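Engineer: Quick one: structure below, then a few questions.
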Amino acid sequence: MSDILVPRPVILGPIDWHAAPALETLLPELRDPLCGLPKSYQKVLDILLMAGSIADDLEGKLKNVVLGAVAYTSVTPTFAGLWGTASSIGDASHGGTAGEVSGGSYDRVSITNNTTNWPSVTTTDKLNGVAITFPTATANWNSAANINQVGMLTGNAKTSADLMMLWGDLTVPKPVLNGDIAQFAINAFVWSLD
């Protein structure tokens with residue numbers, strides 16, 4: 001009799017989106033007790049600065065929309081990808097950036113860019129309206145080490161042609177092992193801009 005492999009869900013998220021590099025350069029000064037900012041405000045500042053990040057390509061396009069009235073055509077579908085090594089991806093990353101998970105039936109998840117999958121903002125956060133579910137792992141992903149980062153991309157070629165739109169760290173990195181199904185539950189993908 002052979003063993004039966006029962007899929008185990010691995011719920012990923014939430015995600016810490018990173019502050020833009022310009023804000024990160026101010027952090028040492030703002031954290032300095034001599035700057036006059038009360039300690040309670042410094043803690044709030046740390047939390048707020050982790051609220052959102054946009055990769056360089058999308059950031060430039062959004063700036064042109066707001067100041068310049070340059071039209072922007074939304075990408076559909078979008079693709080969610082996973083990176084195994086912390087700090088693998090950042091603002092200048094793209095779909096060919098090293099460290100993306102591979103093997104064991106891993107592939108990026110295609111997400112139709114519409115208001116069913118990405119409901120209209122009703123508060124300050126953009127949330128996923130459906131679960132983002134990766135293929136069942138047929139071998140350990142990332143050599144059984146933790147999955148640390150997620151990126152939202154414009155394509156699935158796994159080359160520099162796939163532009164990174166958003167990226168962030170998983171607040172609780174987790175391994176995805178043979179038979180596991182990695183997933184971001186509904187509302188686990190939270191994107192805030194302030």
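Within each chain, counting starts at residue 1; across the structure tokens, chains are named A, B, ... in the order shown, with ligands numbered 1 upward in that order.
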What's the 7 Å shell around region 142-157 of chain A, counting only C-alpha atoms, without same-chain residues fewer than 5 positions away, as a PyMOL selection string?
Structural biologist: chain A and resi 75+78-86+95+101+108+162-170+173-177
Engineer: I'd like the contact shell of Lys126 (chain A) - 7 Å cut-off, only C-alpha atoms, skipping same-chain residues fewer than 6 positions apart - returned as a list of chain:residue names.
Structural biologist: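 Using only C-alpha atoms, the neighbours found are A:Val190, A:Trp191, A:Ser192.
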Engineer: How about saving the chosen residues, N, CA and C atoms kept, as a short mmCIF file (atom, residue, chain, number, x, y, z; two decimals), in the first residue's frame?
Structural biologist:
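Below is the file that was written, out.cif:
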data_model
loop_
_atom_site.label_atom_id
_atom_site.label_comp_id
_atom_site.auth_asym_id
_atom_site.auth_seq_id
_atom_site.Cartn_x
_atom_site.Cartn_y
_atom_site.Cartn_z
N VAL A 190 -2.55 43.35 1.67
CA VAL A 190 -2.99 44.69 2.06
C VAL A 190 -1.98 45.71 1.55
N TRP A 191 -2.43 46.62 0.71
CA TRP A 191 -1.55 47.67 0.18
C TRP A 191 -2.10 49.02 0.60
N SER A 192 -1.27 49.79 1.31
CA SER A 192 -1.66 51.12 1.78
C SER A 192 -0.72 52.15 1.20
#
Engineer: For a test of reading the model, state the distance in Å between CA of Ala161 (chain A) and CA of Val121 (chain A), rounded to one decimal.
Structural biologist: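 Atom-to-atom, CA of Ala161 (chain A) to CA of Val121 (chain A), that is 28.8 Å.
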Engineer: Using DSSP on the backbone, list every residue of region 28-190 of chain A that comes out as alpha helix (DSSP H), and give them as number ranges by chain.
Structural biologist: A: 28-31, 39-49, 56-66
Engineer: For the selection you just gave me, I'd like the residues written to a file as a short mmCIF file (atom, residue, chain, number, x, y, z; two decimals), in the first residue's frame, keeping C-alpha atoms.
Structural biologist:
data_model
loop_
_atom_site.label_atom_id
_atom_site.label_comp_id
_atom_site.auth_asym_id
_atom_site.auth_seq_id
_atom_site.Cartn_x
_atom_site.Cartn_y
_atom_site.Cartn_z
CA PRO A 28 18.21 57.34 11.57
CA GLU A 29 17.64 61.05 12.18
CA LEU A 30 14.00 60.62 13.17
CA ARG A 31 14.90 57.80 15.56
CA LYS A 39 9.45 57.73 21.68
CA SER A 40 5.77 56.82 21.18
CA TYR A 41 5.79 58.76 17.88
CA GLN A 42 9.01 57.06 16.82
CA LYS A 43 7.34 53.64 17.22
CA VAL A 44 4.30 54.82 15.21
CA LEU A 45 6.69 56.19 12.58
CA ASP A 46 8.37 52.78 12.25
CA ILE A 47 4.98 51.12 11.68
CA LEU A 48 3.76 53.74 9.21
CA LEU A 49 6.94 53.64 7.16
CA ASP A 56 10.43 52.09 -9.49
CA ASP A 57 8.67 51.43 -12.82
CA LEU A 58 5.13 51.77 -11.45
CA GLU A 59 6.11 54.66 -9.19
CA GLY A 60 7.27 56.68 -12.21
CA LYS A 61 4.08 55.91 -14.12
CA LEU A 62 1.88 56.98 -11.20
CA LYS A 63 3.78 60.24 -10.82
CA ASN A 64 3.17 60.94 -14.51
CA VAL A 65 -0.56 60.25 -14.07
CA VAL A 66 -0.87 62.64 -11.11
#
Engineer: Give me, please, the distance in Å between CA of Pro135 (chain A) and CA of Asp107 (chain A), quoted to one decimal.
Structural biologist: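 Computed distance, CA of Pro135 (chain A) to CA of Asp107 (chain A), equals 6.9 Å.
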Engineer: According to DSSP computed on the backbone, where in region 72-194 of chain A is there strand (DSSP E or B)? Give the residues as a PyMOL selection string.
Structural biologist: chain A and resi 78-83+94+100+109-111+125-127+132-133+146-153+163-175+180-184+190-192
Engineer: Export, as a compact mmCIF listing (two decimals), in the first residue's frame, the selected residues with N, CA and C atoms.
Structural biologist:
# COMPACT_ATOMS: atom_id res chain seq x y z
N THR A 78 -2.21 40.34 -13.64
CA THR A 78 -1.02 40.56 -12.82
C THR A 78 -0.56 39.19 -12.33
N PHE A 79 0.67 39.10 -11.87
CA PHE A 79 1.22 37.82 -11.43
C PHE A 79 1.87 37.97 -10.06
N ALA A 80 1.50 37.08 -9.13
CA ALA A 80 2.12 37.05 -7.80
C ALA A 80 3.25 36.03 -7.84
N GLY A 81 4.42 36.45 -7.36
CA GLY A 81 5.58 35.56 -7.31
C GLY A 81 6.16 35.54 -5.92
N LEU A 82 6.89 34.48 -5.59
CA LEU A 82 7.48 34.31 -4.26
C LEU A 82 9.00 34.26 -4.36
N TRP A 83 9.67 34.90 -3.41
CA TRP A 83 11.12 34.89 -3.33
C TRP A 83 11.53 34.28 -2.01
N HIS A 94 12.93 43.24 -11.02
CA HIS A 94 12.08 42.87 -12.15
C HIS A 94 11.89 41.36 -12.11
N GLU A 100 13.93 33.99 -6.90
CA GLU A 100 12.55 33.54 -6.98
C GLU A 100 12.52 32.02 -6.82
N VAL A 109 1.28 33.06 -9.83
CA VAL A 109 -0.17 32.98 -9.93
C VAL A 109 -0.68 34.12 -10.78
N SER A 110 -1.43 33.80 -11.83
CA SER A 110 -2.05 34.79 -12.70
C SER A 110 -3.33 35.28 -12.03
N ILE A 111 -3.48 36.61 -11.95
CA ILE A 111 -4.65 37.21 -11.31
C ILE A 111 -5.24 38.23 -12.28
N ASP A 125 -7.01 51.01 2.32
CA ASP A 125 -6.23 49.86 1.89
C ASP A 125 -6.80 49.21 0.64
N LYS A 126 -5.90 48.72 -0.20
CA LYS A 126 -6.29 47.88 -1.34
C LYS A 126 -6.11 46.44 -0.89
N LEU A 127 -7.16 45.63 -1.00
CA LEU A 127 -7.15 44.26 -0.51
C LEU A 127 -7.48 43.29 -1.64
N ILE A 132 -5.39 34.06 -3.18
CA ILE A 132 -4.33 33.92 -4.18
C ILE A 132 -3.65 32.60 -3.88
N THR A 133 -3.92 31.59 -4.71
CA THR A 133 -3.49 30.22 -4.41
C THR A 133 -2.46 29.75 -5.43
N ASN A 146 12.45 29.02 4.42
CA ASN A 146 11.29 29.91 4.43
C ASN A 146 11.14 30.69 3.13
N ILE A 147 9.88 30.96 2.78
CA ILE A 147 9.55 31.93 1.73
C ILE A 147 9.49 33.27 2.45
N ASN A 148 10.23 34.26 1.96
CA ASN A 148 10.36 35.53 2.68
C ASN A 148 9.69 36.72 2.01
N GLN A 149 9.58 36.73 0.69
CA GLN A 149 9.10 37.92 0.00
C GLN A 149 8.09 37.57 -1.09
N VAL A 150 7.26 38.54 -1.43
CA VAL A 150 6.29 38.40 -2.52
C VAL A 150 6.41 39.61 -3.42
N GLY A 151 6.22 39.39 -4.71
CA GLY A 151 6.21 40.49 -5.67
C GLY A 151 5.00 40.38 -6.57
N MET A 152 4.48 41.52 -6.99
CA MET A 152 3.39 41.57 -7.98
C MET A 152 4.02 42.07 -9.27
N LEU A 153 3.89 41.29 -10.33
CA LEU A 153 4.57 41.57 -11.58
C LEU A 153 3.60 41.69 -12.75
N LEU A 163 7.83 43.42 -15.39
CA LEU A 163 8.12 44.55 -14.52
C LEU A 163 7.54 44.31 -13.13
N MET A 164 8.33 44.63 -12.11
CA MET A 164 7.87 44.54 -10.73
C MET A 164 6.99 45.76 -10.46
N MET A 165 5.79 45.53 -9.92
CA MET A 165 4.92 46.65 -9.57
C MET A 165 4.98 46.91 -8.06
N LEU A 166 4.79 45.89 -7.26
CA LEU A 166 4.81 45.99 -5.81
C LEU A 166 5.64 44.84 -5.26
N TRP A 167 6.21 45.04 -4.08
CA TRP A 167 6.93 43.95 -3.44
C TRP A 167 6.89 44.18 -1.94
N GLY A 168 7.07 43.11 -1.19
CA GLY A 168 7.08 43.23 0.26
C GLY A 168 7.56 41.96 0.93
N ASP A 169 7.79 42.08 2.24
CA ASP A 169 8.21 40.94 3.06
C ASP A 169 7.00 40.28 3.70
N LEU A 170 7.02 38.97 3.79
CA LEU A 170 6.00 38.28 4.56
C LEU A 170 6.26 38.56 6.03
N THR A 171 5.24 38.90 6.80
CA THR A 171 5.45 39.19 8.22
C THR A 171 5.86 37.93 8.98
N VAL A 172 5.44 36.77 8.51
CA VAL A 172 5.85 35.49 9.10
C VAL A 172 6.31 34.59 7.95
N PRO A 173 7.63 34.58 7.67
CA PRO A 173 8.12 33.70 6.61
C PRO A 173 7.82 32.24 6.95
N LYS A 174 7.48 31.47 5.92
CA LYS A 174 7.12 30.06 6.12
C LYS A 174 7.71 29.22 5.01
N PRO A 175 8.03 27.94 5.32
CA PRO A 175 8.45 27.03 4.25
C PRO A 175 7.23 26.48 3.51
N ASP A 180 2.32 20.80 -0.03
CA ASP A 180 1.71 22.02 0.51
C ASP A 180 1.06 22.85 -0.59
N ILE A 181 0.09 23.65 -0.21
CA ILE A 181 -0.55 24.61 -1.10
C ILE A 181 -0.40 25.99 -0.47
N ALA A 182 0.49 26.80 -1.03
CA ALA A 182 0.71 28.16 -0.51
C ALA A 182 -0.43 29.06 -0.96
N GLN A 183 -0.88 29.93 -0.05
CA GLN A 183 -2.03 30.77 -0.37
C GLN A 183 -2.02 32.04 0.46
N PHE A 184 -2.44 33.14 -0.17
CA PHE A 184 -2.78 34.37 0.54
C PHE A 184 -4.29 34.37 0.66
N VAL A 190 -2.55 43.35 1.67
CA VAL A 190 -2.99 44.69 2.06
C VAL A 190 -1.98 45.71 1.55
N TRP A 191 -2.43 46.62 0.71
CA TRP A 191 -1.55 47.67 0.18
C TRP A 191 -2.10 49.02 0.60
N SER A 192 -1.27 49.79 1.31
CA SER A 192 -1.66 51.12 1.78
C SER A 192 -0.72 52.15 1.20
Engineer: Tell me which of A:Ser93, A:Ile186, A:Ser102, A:Gly179 sits closest to Gly129 (chain A), counting only C-alpha atoms.
Structural biologist: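 The shortest atom-to-atom distance to Gly129 (chain A) comes from A:Ile186.
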Engineer: Extract, using only C-alpha atoms, all DNA, RNA and protein residues at most 7 Å from Thr76 (chain A), discarding same-chain residues fewer than 2 positions from it, and format them as a JSON list (two decimals) with N, CA and C atoms, in the first residue's frame.
Structural biologist:
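Okay, this is what ended up in out_12.json:
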[["chain", "number", "residue", "atom", "x", "y", "z"],
["A", 74, "SER", "N", -3.88, 49.96, -17.24],
["A", 74, "SER", "CA", -3.69, 48.91, -16.23],
["A", 74, "SER", "C", -3.25, 47.61, -16.88],
["A", 78, "THR", "N", -2.21, 40.34, -13.64],
["A", 78, "THR", "CA", -1.02, 40.56, -12.82],
["A", 78, "THR", "C", -0.56, 39.19, -12.33],
["A", 112, "THR", "N", -6.45, 37.96, -12.75],
["A", 112, "THR", "CA", -7.12, 38.93, -13.62],
["A", 112, "THR", "C", -7.28, 40.22, -12.85],
["A", 113, "ASN", "N", -6.90, 41.32, -13.46],
["A", 113, "ASN", "CA", -6.92, 42.62, -12.80],
["A", 113, "ASN", "C", -8.30, 43.26, -12.96]]
Engineer: Measure the distance from CA of Lys158 (chain A) to CA of Gly96 (chain A) in Å and round it to one decimal.
Structural biologist: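 Interatomic distance, CA of Lys158 (chain A) to CA of Gly96 (chain A): 5.0 Å.
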